[in-house]
file protein22.csv (CSV, C-alpha atoms)
chain,number,residue,atom,x,y,z
W,1,MET,CA,99.0,159.3,110.6
W,2,HIS,CA,98.1,156.7,108.2
W,3,ASN,CA,99.7,153.8,106.5
W,4,GLY,CA,99.4,153.0,102.9
W,5,PHE,CA,97.8,149.7,103.5
W,6,ILE,CA,94.7,151.2,105.1
W,7,ASN,CA,94.1,153.6,102.3
W,8,MET,CA,94.9,151.2,99.6
W,9,PRO,CA,92.1,151.1,97.0
W,10,ARG,CA,90.0,147.9,97.2
W,11,LYS,CA,90.5,146.9,93.6
W,12,LYS,CA,94.3,146.8,94.1
W,13,THR,CA,93.9,144.5,97.1
W,14,ASN,CA,91.8,142.1,95.1
W,15,ARG,CA,94.2,142.2,92.2
W,16,ARG,CA,97.1,141.5,94.5
W,17,SER,CA,95.3,138.6,96.2
W,18,LYS,CA,94.3,137.2,92.8
W,19,LYS,CA,97.9,137.5,91.7
W,20,GLY,CA,99.0,135.7,94.9
W,21,PHE,CA,96.4,133.0,94.3
W,22,THR,CA,97.6,132.5,90.7
W,23,GLN,CA,101.2,132.3,91.8
W,24,ILE,CA,100.3,129.7,94.4
W,25,MET,CA,98.4,127.6,91.8
W,26,ASN,CA,101.2,127.9,89.3
W,27,HIS,CA,103.7,126.9,92.0
W,28,LEU,CA,101.6,123.9,92.9
W,29,PHE,CA,100.6,122.7,89.5
W,30,HIS,CA,102.7,124.3,86.7
W,31,PRO,CA,106.3,123.2,86.1
W,32,SER,CA,108.6,126.3,86.0
W,33,SER,CA,112.0,127.5,87.2
W,34,ARG,CA,110.3,128.6,90.5
W,35,ASN,CA,109.5,125.0,91.4
W,36,ASN,CA,112.6,123.4,89.8
W,37,HIS,CA,110.5,122.4,86.7
W,38,ARG,CA,108.2,120.1,88.6
W,39,PRO,CA,104.8,121.0,90.1
W,40,LYS,CA,105.3,121.5,93.8
W,41,LEU,CA,102.5,119.0,94.4
W,42,LEU,CA,104.6,116.2,92.9
W,43,HIS,CA,107.7,117.0,95.0
W,44,PRO,CA,108.6,114.2,97.5
W,45,GLU,CA,107.9,116.4,100.5
W,46,ALA,CA,104.4,117.3,99.2
W,47,LEU,CA,103.7,113.6,98.6
W,48,PHE,CA,104.8,112.8,102.2
W,49,TYR,CA,102.3,115.5,103.3
W,50,PHE,CA,99.6,113.8,101.3
W,51,SER,CA,100.3,110.6,103.1
W,52,LEU,CA,100.0,112.5,106.5
W,53,ILE,CA,96.8,114.1,105.4
W,54,VAL,CA,95.4,110.7,104.3
W,55,LEU,CA,96.4,109.2,107.7
W,56,ALA,CA,94.9,112.2,109.6
W,57,ALA,CA,91.6,112.1,107.6
W,58,PHE,CA,91.3,108.4,108.2
W,59,SER,CA,92.0,108.8,111.9
W,60,LEU,CA,89.4,111.6,112.1
W,61,LEU,CA,86.8,109.4,110.4
W,62,ARG,CA,87.6,106.7,113.0
W,63,ALA,CA,87.3,109.3,115.8
W,64,LEU,CA,83.8,110.1,114.7
W,65,ARG,CA,82.6,107.1,116.8
W,66,PHE,CA,83.4,109.2,119.9
W,67,PHE,CA,80.7,111.7,118.8
W,68,PRO,CA,77.6,109.6,118.3
W,69,GLY,CA,75.3,112.5,117.4
W,70,LEU,CA,77.7,113.8,114.7
W,71,GLU,CA,78.4,110.4,113.4
W,72,HIS,CA,74.7,109.6,112.9
W,73,THR,CA,74.1,112.8,110.9
W,74,ILE,CA,77.0,112.0,108.5
W,75,LEU,CA,77.5,108.3,108.5
W,76,GLY,CA,75.5,105.2,109.0
W,77,TYR,CA,75.2,101.7,107.9
W,78,ALA,CA,72.9,100.9,105.0
W,79,SER,CA,72.9,97.1,104.9
W,80,ASN,CA,69.9,95.5,103.2
W,81,ILE,CA,70.6,91.9,104.2
W,82,THR,CA,67.5,90.0,105.2
W,83,PRO,CA,67.3,86.5,106.8
W,84,GLU,CA,65.0,85.4,104.0
W,85,GLN,CA,67.6,86.2,101.3
W,86,VAL,CA,70.4,84.5,103.3
W,87,ILE,CA,68.4,81.3,103.5
W,88,LEU,CA,67.3,81.6,99.8
W,89,GLN,CA,70.9,82.1,98.5
W,90,THR,CA,72.4,79.5,100.8
W,91,ASN,CA,69.9,76.9,99.5
W,92,GLU,CA,70.5,78.0,95.9
W,93,LYS,CA,74.3,77.3,96.4
W,94,ARG,CA,73.5,73.9,98.0
W,95,VAL,CA,71.1,73.0,95.2
W,96,ASP,CA,73.8,74.0,92.6
W,97,GLN,CA,76.1,71.4,94.2
W,98,GLY,CA,73.4,68.7,94.2
W,99,LEU,CA,72.7,69.0,97.9
W,100,GLY,CA,69.3,69.3,99.6
W,101,GLY,CA,68.0,72.7,100.8
W,102,LEU,CA,68.1,73.6,104.5
W,103,THR,CA,64.9,74.1,106.5
W,104,LEU,CA,64.5,77.1,108.8
W,105,ASN,CA,64.6,76.2,112.4
W,106,ASN,CA,63.4,78.7,115.0
W,107,GLU,CA,65.5,77.3,117.9
W,108,LEU,CA,68.6,77.8,115.7
W,109,SER,CA,67.5,81.3,114.8
W,110,GLU,CA,67.0,82.0,118.5
W,111,ALA,CA,70.5,80.7,119.2
W,112,ALA,CA,71.9,82.9,116.3
W,113,LEU,CA,70.2,85.9,117.8
W,114,ALA,CA,71.5,85.1,121.3
W,115,LYS,CA,75.0,84.8,119.9
W,116,GLY,CA,74.8,88.1,118.0
W,117,GLN,CA,73.5,89.9,121.0
W,118,ASP,CA,76.3,88.4,123.1
W,119,MET,CA,78.9,89.7,120.6
W,120,PHE,CA,77.4,93.2,120.9
W,121,THR,CA,77.1,93.0,124.7
W,122,ASP,CA,80.7,91.7,125.3
W,123,GLN,CA,82.1,93.5,122.3
W,124,TYR,CA,83.8,90.7,120.5
W,125,TRP,CA,83.9,89.3,117.0
W,126,SER,CA,84.7,85.6,117.2
W,127,HIS,CA,83.2,82.2,117.4
W,128,THR,CA,84.4,81.9,121.0
W,129,ALA,CA,83.5,84.6,123.5
W,130,PRO,CA,86.3,86.2,125.6
W,131,ASP,CA,85.0,84.1,128.6
W,132,GLY,CA,85.4,80.9,126.5
W,133,THR,CA,81.7,80.5,125.7
W,134,GLU,CA,81.4,78.5,122.4
W,135,PRO,CA,78.6,78.7,119.8
W,136,TRP,CA,77.2,75.3,121.0
W,137,PHE,CA,76.3,77.0,124.3
W,138,PHE,CA,73.7,79.2,122.5
W,139,ILE,CA,72.4,76.3,120.5
W,140,GLU,CA,71.9,74.2,123.7
W,141,GLU,CA,70.4,77.2,125.5
W,142,ALA,CA,67.8,77.4,122.7
W,143,ASN,CA,66.9,73.8,123.4
W,144,TYR,CA,68.1,72.6,120.1
W,145,VAL,CA,69.4,69.0,120.4
W,146,TYR,CA,71.9,68.4,117.6
W,147,LYS,CA,74.1,65.7,116.3
W,148,VAL,CA,76.0,68.1,114.1
W,149,ALA,CA,76.2,71.9,114.3
W,150,GLY,CA,78.0,74.7,112.7
W,151,GLU,CA,78.3,78.5,112.7
W,152,ASN,CA,79.3,81.2,110.1
W,153,LEU,CA,79.7,84.8,111.0
W,154,ALA,CA,79.7,87.9,108.8
W,155,ARG,CA,79.8,91.7,109.3
W,156,ASP,CA,79.8,95.0,107.4
W,157,PHE,CA,78.3,93.6,104.2
W,158,MET,CA,76.0,95.8,102.2
W,159,ASN,CA,74.0,93.0,100.6
W,160,THR,CA,73.4,89.3,100.9
W,161,THR,CA,74.9,88.4,97.5
W,162,ASP,CA,78.4,89.8,98.5
W,163,MET,CA,78.2,88.1,101.9
W,164,VAL,CA,77.3,84.7,100.5
W,165,LYS,CA,80.0,85.1,97.8
W,166,ALA,CA,82.5,85.9,100.6
W,167,TRP,CA,81.5,82.8,102.5
W,168,MET,CA,81.8,80.7,99.4
W,169,ALA,CA,85.3,82.1,98.7
W,170,SER,CA,86.5,81.0,102.1
W,171,PRO,CA,87.1,77.2,102.2
W,172,THR,CA,86.1,76.7,105.9
W,173,HIS,CA,82.8,78.7,105.5
W,174,LYS,CA,82.1,77.0,102.3
W,175,ALA,CA,82.5,73.7,104.1
W,176,ASN,CA,79.7,74.7,106.4
W,177,LEU,CA,77.4,75.9,103.7
W,178,MET,CA,78.0,72.7,101.6
W,179,ASN,CA,78.0,70.3,104.5
W,180,PRO,CA,75.6,67.4,103.5
W,181,LYS,CA,75.2,66.6,107.2
W,182,PHE,CA,73.3,69.8,107.9
W,183,GLU,CA,69.5,69.8,107.6
W,184,GLU,CA,68.4,72.9,109.3
W,185,ILE,CA,69.4,76.6,109.5
W,186,GLY,CA,68.9,79.6,111.8
W,187,ILE,CA,69.7,83.2,110.9
W,188,ALA,CA,70.0,86.4,112.8
W,189,VAL,CA,70.7,89.8,111.2
W,190,ILE,CA,71.4,92.3,114.0
W,191,ASP,CA,72.4,96.0,113.8
W,192,GLY,CA,74.4,97.5,116.6
W,193,LYS,CA,77.7,99.0,117.7
W,194,LEU,CA,80.8,96.8,117.7
W,195,ASN,CA,84.0,98.5,119.1
W,196,GLY,CA,82.4,101.9,118.5
W,197,PHE,CA,81.3,101.3,114.9
W,198,GLU,CA,77.8,100.8,113.7
W,199,THR,CA,77.6,97.5,111.9
W,200,THR,CA,75.3,94.7,110.9
W,201,LEU,CA,76.2,91.3,112.2
W,202,VAL,CA,75.0,88.1,110.5
W,203,VAL,CA,75.0,84.9,112.5
W,204,GLN,CA,74.3,81.7,110.5
W,205,MET,CA,73.7,78.6,112.6
W,206,PHE,CA,73.5,75.1,111.0
W,207,GLY,CA,72.4,72.0,112.6
W,208,SER,CA,71.1,68.5,112.2
W,209,PRO,CA,68.7,67.4,114.9
W,210,ALA,CA,69.6,64.3,116.9
W,211,ALA,CA,67.4,61.3,115.9
W,212,PRO,CA,64.9,60.2,118.6
W,213,THR,CA,66.6,56.8,118.9
W,214,GLN,CA,69.9,58.6,119.7
W,215,LEU,CA,68.2,60.7,122.3
W,216,VAL,CA,66.7,58.1,124.6
W,217,GLY,CA,68.9,57.3,127.5
W,218,SER,CA,72.0,58.5,125.9
W,219,LYS,CA,74.5,60.8,127.5
W,220,LYS,CA,75.8,63.9,125.8
W,221,GLU,CA,79.4,63.5,124.6
W,222,PRO,CA,80.3,66.6,122.8
W,223,GLU,CA,83.0,66.2,120.2
W,224,THR,CA,83.8,69.7,119.1
W,225,GLN,CA,86.0,70.4,116.1
W,226,LEU,CA,87.1,74.0,116.0
W,227,LEU,CA,88.1,75.0,112.5
W,228,THR,CA,90.2,78.2,111.9
W,229,ASP,CA,87.3,80.3,110.6
W,230,ALA,CA,83.9,78.7,110.4
W,231,THR,CA,83.0,76.5,113.3
W,232,GLN,CA,81.5,73.1,113.5
W,233,ALA,CA,80.6,70.8,116.3
W,234,GLU,CA,79.4,67.2,116.4
W,235,VAL,CA,77.9,65.2,119.2
W,236,LYS,CA,77.4,61.4,119.1
W,237,GLY,CA,74.5,61.4,121.5
W,238,ALA,CA,72.3,63.9,123.1
W,239,ASN,CA,70.0,64.3,126.1
W,240,LEU,CA,66.4,63.7,125.6
W,241,VAL,CA,64.5,67.0,125.2
W,242,ASP,CA,60.8,67.2,125.3
W,243,SER,CA,59.9,68.6,121.9
W,244,ASP,CA,56.5,69.8,123.2
W,245,SER,CA,58.2,72.2,125.6
W,246,LYS,CA,59.8,74.1,122.7
W,247,SER,CA,58.2,77.3,121.6
W,248,ILE,CA,57.0,77.2,118.0
W,249,LEU,CA,57.6,80.2,115.9
W,250,ALA,CA,56.8,78.6,112.6
W,251,GLY,CA,58.1,80.5,109.6
W,252,LYS,CA,59.4,83.4,111.6
W,253,MET,CA,63.1,84.5,111.2
W,254,VAL,CA,64.8,86.5,113.8
W,255,SER,CA,65.8,90.0,112.8
W,256,PRO,CA,65.3,92.5,115.6
W,257,VAL,CA,65.8,95.6,113.5
W,258,ASP,CA,63.0,95.9,111.0
W,259,PHE,CA,63.5,99.5,110.3
W,260,ARG,CA,66.8,101.0,109.3
W,261,ASP,CA,67.6,104.7,108.8
W,262,SER,CA,68.4,105.7,105.3
W,263,VAL,CA,72.0,107.1,105.3
W,264,LEU,CA,74.0,109.3,103.0
W,265,LEU,CA,77.3,107.5,103.2
W,266,THR,CA,78.8,104.5,104.9
W,267,PRO,CA,82.3,104.9,106.5
W,268,LEU,CA,83.8,102.8,103.7
W,269,GLN,CA,82.1,104.9,101.0
W,270,LEU,CA,83.4,108.1,102.6
W,271,THR,CA,86.9,106.7,102.9
W,272,LYS,CA,86.9,105.6,99.3
W,273,ALA,CA,85.6,109.0,98.1
W,274,PHE,CA,88.3,110.9,100.0
W,275,PHE,CA,91.1,108.6,98.8
W,276,LEU,CA,89.9,108.8,95.2
W,277,ALA,CA,89.9,112.6,95.4
W,278,VAL,CA,93.6,112.5,96.5
W,279,ILE,CA,94.4,110.1,93.6
W,280,ILE,CA,92.5,112.3,91.1
W,281,LEU,CA,94.5,115.4,92.3
W,282,VAL,CA,97.8,113.6,91.9
W,283,VAL,CA,96.9,112.0,88.6
W,284,MET,CA,95.6,115.3,87.1
W,285,THR,CA,98.8,117.1,88.1
W,286,LEU,CA,100.9,114.2,86.6
W,287,VAL,CA,99.0,114.4,83.3
W,288,TYR,CA,99.4,118.2,83.1
W,289,ASP,CA,103.1,118.0,84.0
W,290,THR,CA,103.7,115.3,81.3
W,291,PHE,CA,101.8,117.4,78.7
W,292,ILE,CA,103.8,120.6,79.5
W,293,ILE,CA,107.2,118.9,79.7
W,294,ASN,CA,106.6,117.0,76.4
W,295,ASN,CA,105.8,120.2,74.6
W,296,ARG,CA,108.9,121.9,76.0
W,297,LYS,CA,111.1,118.9,75.2
W,298,THR,CA,112.8,119.4,78.6
W,299,ASP,CA,114.9,116.6,80.1
W,300,ARG,CA,114.7,116.3,83.8
W,301,LEU,CA,116.3,114.0,86.4
W,302,LEU,CA,113.0,112.9,87.9
W,303,GLY,CA,110.8,109.8,88.4
W,304,LYS,CA,108.9,108.5,85.5
W,305,ASN,CA,105.4,110.1,85.2
W,306,LEU,CA,104.1,107.2,83.1
W,307,GLY,CA,105.1,104.7,85.8
W,308,HIS,CA,103.4,106.9,88.5
W,309,LEU,CA,100.2,107.1,86.3
W,310,MET,CA,100.1,103.4,85.8
W,311,VAL,CA,100.4,102.7,89.6
W,312,PHE,CA,97.8,105.3,90.5
W,313,GLY,CA,95.5,103.9,87.8
W,314,ALA,CA,95.8,100.4,89.4
W,315,VAL,CA,95.3,101.8,92.9
W,316,ALA,CA,92.2,103.7,91.8
W,317,PHE,CA,90.7,100.6,90.2
W,318,MET,CA,91.4,98.6,93.4
W,319,LEU,CA,89.8,101.3,95.5
W,320,ILE,CA,86.7,101.6,93.4
W,321,PHE,CA,86.0,97.9,93.3
W,322,PHE,CA,87.1,97.1,96.8
W,323,LYS,CA,84.3,95.4,98.7
W,324,GLY,CA,83.7,95.8,102.4
W,325,GLY,CA,82.6,93.1,104.8
W,326,MET,CA,84.4,90.4,106.9
W,327,VAL,CA,83.6,86.8,107.5
W,328,ASN,CA,84.6,84.7,110.5
K,1,MET,CA,105.3,109.6,75.4
K,2,ARG,CA,105.3,106.9,72.7
K,3,ARG,CA,109.1,107.3,72.3
K,4,GLU,CA,109.5,107.0,76.1
K,5,ILE,CA,107.4,103.7,76.1
K,6,LEU,CA,109.4,102.2,73.2
K,7,LYS,CA,112.7,103.2,74.8
K,8,HIS,CA,111.8,101.5,78.1
K,9,LYS,CA,109.4,98.9,76.9
K,10,VAL,CA,110.9,96.1,79.1
K,11,ALA,CA,110.6,98.4,82.2
K,12,TYR,CA,107.0,99.4,81.4
K,13,GLY,CA,106.1,95.9,80.3
K,14,SER,CA,107.3,94.4,83.6
K,15,LEU,CA,105.4,97.1,85.5
K,16,LEU,CA,102.2,96.4,83.6
K,17,ILE,CA,102.5,92.7,84.3
K,18,ALA,CA,103.2,93.3,88.0
K,19,LEU,CA,100.3,95.7,88.3
K,20,LEU,CA,98.0,93.2,86.7
K,21,PHE,CA,99.3,90.5,89.0
K,22,PHE,CA,98.7,92.6,92.1
K,23,THR,CA,95.3,93.8,91.0
K,24,ILE,CA,94.0,90.3,90.1
K,25,SER,CA,95.5,88.8,93.3
K,26,PHE,CA,94.0,91.6,95.4
K,27,PHE,CA,90.5,90.7,94.3
K,28,SER,CA,91.0,86.9,94.2
K,29,VAL,CA,92.1,86.7,97.8
K,30,TRP,CA,89.0,88.5,98.9
K,31,PRO,CA,87.5,88.3,101.6
K,32,ASN,CA,90.9,87.5,103.3
K,33,ARG,CA,91.9,91.0,104.4
K,34,LEU,CA,95.2,89.9,105.8
K,35,MET,CA,96.3,88.6,102.4
K,36,GLN,CA,95.1,91.8,100.8
K,37,ARG,CA,97.3,93.8,103.1
K,38,VAL,CA,100.3,91.6,102.4
K,39,LEU,CA,99.7,92.2,98.6
K,40,VAL,CA,99.4,96.0,99.2
K,41,VAL,CA,102.8,96.0,101.0
K,42,GLY,CA,104.2,93.9,98.2
K,43,LEU,CA,102.9,96.4,95.6
K,44,ALA,CA,104.4,99.4,97.4
K,45,VAL,CA,107.8,97.6,97.8
K,46,PHE,CA,107.7,96.4,94.2
K,47,TYR,CA,107.1,99.9,92.9
K,48,PHE,CA,109.9,101.4,94.9
K,49,VAL,CA,112.3,98.8,93.7
K,50,TRP,CA,111.1,99.1,90.1
K,51,GLY,CA,111.7,102.8,90.2
K,52,LEU,CA,115.2,102.5,91.5
K,53,THR,CA,116.1,99.7,89.1
K,54,THR,CA,114.9,101.5,86.0
K,55,HIS,CA,116.8,104.6,87.0
K,56,VAL,CA,120.0,102.7,87.9
K,57,LYS,CA,119.8,101.1,84.4
K,58,SER,CA,119.5,104.5,82.7
K,59,LYS,CA,122.2,105.9,85.0
K,60,LYS,CA,119.8,108.7,86.2
K,61,LEU,CA,119.5,107.7,89.9
K,62,THR,CA,119.7,110.7,92.3
K,63,GLN,CA,118.7,111.2,95.9
K,64,TYR,CA,115.7,113.2,94.7
K,65,VAL,CA,114.5,110.3,92.5
K,66,VAL,CA,114.9,107.9,95.4
K,67,MET,CA,112.8,110.2,97.6
K,68,GLU,CA,110.2,110.6,94.9
K,69,TYR,CA,109.7,106.8,94.5
K,70,LEU,CA,109.7,106.4,98.3
K,71,ALA,CA,107.0,109.0,98.7
K,72,MET,CA,104.9,107.6,95.8
K,73,SER,CA,105.2,104.1,97.1
K,74,LEU,CA,104.3,105.2,100.6
K,75,LEU,CA,101.2,107.1,99.4
K,76,VAL,CA,100.1,104.1,97.3
K,77,GLY,CA,100.6,101.7,100.2
K,78,ILE,CA,98.8,103.9,102.8
K,79,LEU,CA,95.8,104.5,100.5
K,80,LEU,CA,95.2,100.8,99.9
K,81,PHE,CA,96.3,99.6,103.4
K,82,LEU,CA,93.9,101.9,105.2
K,83,VAL,CA,90.9,100.9,103.0
K,84,THR,CA,91.4,97.3,104.1
K,85,LEU,CA,91.3,98.1,107.8

call {"tool": "encode", "arguments": {"input": "protein22.csv", "output": "structure tokens"}}
result
Amino acid sequence: MHNGFINMPRKKTNRRSKKGFTQIMNHLFHPSSRNNHRPKLLHPEALFYFSLIVLAAFSLLRALRFFPGLEHTILGYASNITPEQVILQTNEKRVDQGLGGLTLNNELSEAALAKGQDMFTDQYWSHTAPDGTEPWFFIEEANYVYKVAGENLARDFMNTTDMVKAWMASPTHKANLMNPKFEEIGIAVIDGKLNGFETTLVVQMFGSPAAPTQLVGSKKEPETQLLTDATQAEVKGANLVDSDSKSILAGKMVSPVDFRDSVLLTPLQLTKAFFLAVIILVVMTLVYDTFIINNRKTDRLLGKNLGHLMVFGAVAFMLIFFKGGMVN
Amino acid sequence: MRREILKHKVAYGSLLIALLFFTISFFSVWPNRLMQRVLVVGLAVFYFVWGLTTHVKSKKLTQYVVMEYLAMSLLVGILLFLVTL
């Protein structure tokens, strides 16, 4: 007993599989009577499947956070933001506007670091902590006595220039950066995991120290003004604080992570690469379909290929030049 | 292709202007992610409506064409929406 399939010569099997593969490719990409003169890949149901595949791939990428070992071998965060650059670029913007530069203050940097660590510990991304703690708490904890204070937050930026540009593009953050009342600045750049995702948080604290005459015998009356995004606070008076008791860390900025792993791809880069691959596949099929149908002079009752190409061209452009990063 | 463009120059012209508007707006509202998402939804809805309108005018609107524009708009919207998350 035997069946023909077992004894079939190897070459014939290969030929059949090659033929099957060619047929599938033709069906997917080549307009013919078999696919109603439209590549199967451009049929509405295939496009719906594309949408589902894109959603599934995106969800899978997000799910990588539940597999820390795997995530670290594929993805990572490659931010090269440094506190020095943040201060330098902030002061450059201020000087451009005819304002004075800000001086680095170690107490403000300590407050910024404490705020950043608190966000990682309690897993939030906001000026006010879930328990209601406001930024001024961290400034006061660091023994910085202020008459005016402010806070800018940023996350997921790859470099300082884009981050400062984003702050400048947001009216409330720009108001902090350009506030003539501020004299000092503190910066913390902290790497960690926020809601399961590896990220770099940047906390920028601004302040203006209370004058000694204001400090003596005066009672603290905080007058906080919470803006939508960036946050500012102002106090008319402040308690006297012995300046000698403060720790002096002259010239040192707080950045707990000095060494960062070099990574192949960030989650945003991987997402963009996959999405662009989908667009390229659809666009190439549309171009090929247009070329074949134009040569055949066939008239079809279908959507306009040129319109689809224009839209996907615009989407590809937006994807390529899309910048990550968020400010708060 | 050239004949197709000349035949529907108003339709393609309006699409080009709308795409330029959405692209420029998408980058000018940065870093406001919420506004970027609103623009993405706007682009997807616009393209769907544009597709139907041009086919209604040329009296070539079928259920298949509606589904094709719906699928294309959905894919475009999903690709851009997800990247802003």

call {"tool": "closest_atom_pairs", "arguments": {"input": "protein22.csv", "of": "chain K", "to": "chain W", "cutoff": "6 Å", "atoms": "all atoms listed in the file", "output": "JSON lines"}}
result
{"residue": "K:Pro31", "atom": "CA", "partner": "W:Ala166", "partner_atom": "CA", "distance": 5.6}
{"residue": "K:Val65", "atom": "CA", "partner": "W:Leu302", "partner_atom": "CA", "distance": 5.5}
{"residue": "K:Met67", "atom": "CA", "partner": "W:Pro44", "partner_atom": "CA", "distance": 5.8}
{"residue": "K:Glu68", "atom": "CA", "partner": "W:Pro44", "partner_atom": "CA", "distance": 4.7}
{"residue": "K:Ala71", "atom": "CA", "partner": "W:Pro44", "partner_atom": "CA", "distance": 5.6}
{"residue": "K:Leu75", "atom": "CA", "partner": "W:Ser51", "partner_atom": "CA", "distance": 5.2}

call {"tool": "atom_distance", "arguments": {"input": "protein22.csv", "atom1": "atom CA of K:Thr53", "atom2": "atom CA of K:Ala11"}}
result
8.9 Å

call {"tool": "residues_around", "arguments": {"input": "protein22.csv", "residues": "W:Asp118", "least_positions_apart": "2", "cutoff": "12 Å", "atoms": "all atoms listed in the file", "output": "count of residues only"}}
result
29

call {"tool": "residues_around", "arguments": {"input": "protein22.csv", "residues": "W:Thr285", "least_positions_apart": "3", "cutoff": "10 Å", "atoms": "only C-alpha atoms", "output": "list in words"}}
result
Leu28, Phe29, His30, Pro31, Arg38, Pro39, Lys40, Leu41, Leu42, Ile279, Ile280, Leu281, Val282, Tyr288, Asp289, Thr290 and Phe291 of chain W

call {"tool": "atom_distance", "arguments": {"input": "protein22.csv", "atom1": "atom CA of K:Arg3", "atom2": "atom CA of W:Arg296"}}
result
15.1 Å

call {"tool": "atom_distance", "arguments": {"input": "protein22.csv", "atom1": "atom CA of K:Ala44", "atom2": "atom CA of W:Ala57"}}
result
20.7 Å

call {"tool": "closest_residue", "arguments": {"input": "protein22.csv", "among": "W:Asn179, W:Trp136, W:Glu198, W:Glu184", "to": "W:Gln97", "atoms": "all atoms listed in the file"}}
result
W:Asn179

call {"tool": "closest_residue", "arguments": {"input": "protein22.csv", "among": "K:Leu39, K:Leu74, K:Arg2, K:Tyr12", "to": "K:Thr54", "atoms": "all atoms listed in the file"}}
result
K:Tyr12

call {"tool": "closest_residue", "arguments": {"input": "protein22.csv", "among": "K:Tyr69, K:Phe81, K:Phe26, K:Phe21", "to": "K:Val49", "atoms": "only C-alpha atoms"}}
result
K:Tyr69

call {"tool": "residues_around", "arguments": {"input": "protein22.csv", "residues": "K:Gly42", "least_positions_apart": "4", "cutoff": "9 Å", "atoms": "all atoms listed in the file", "output": "number ranges by chain"}}
result
K: 22, 37-38, 46-47, 77
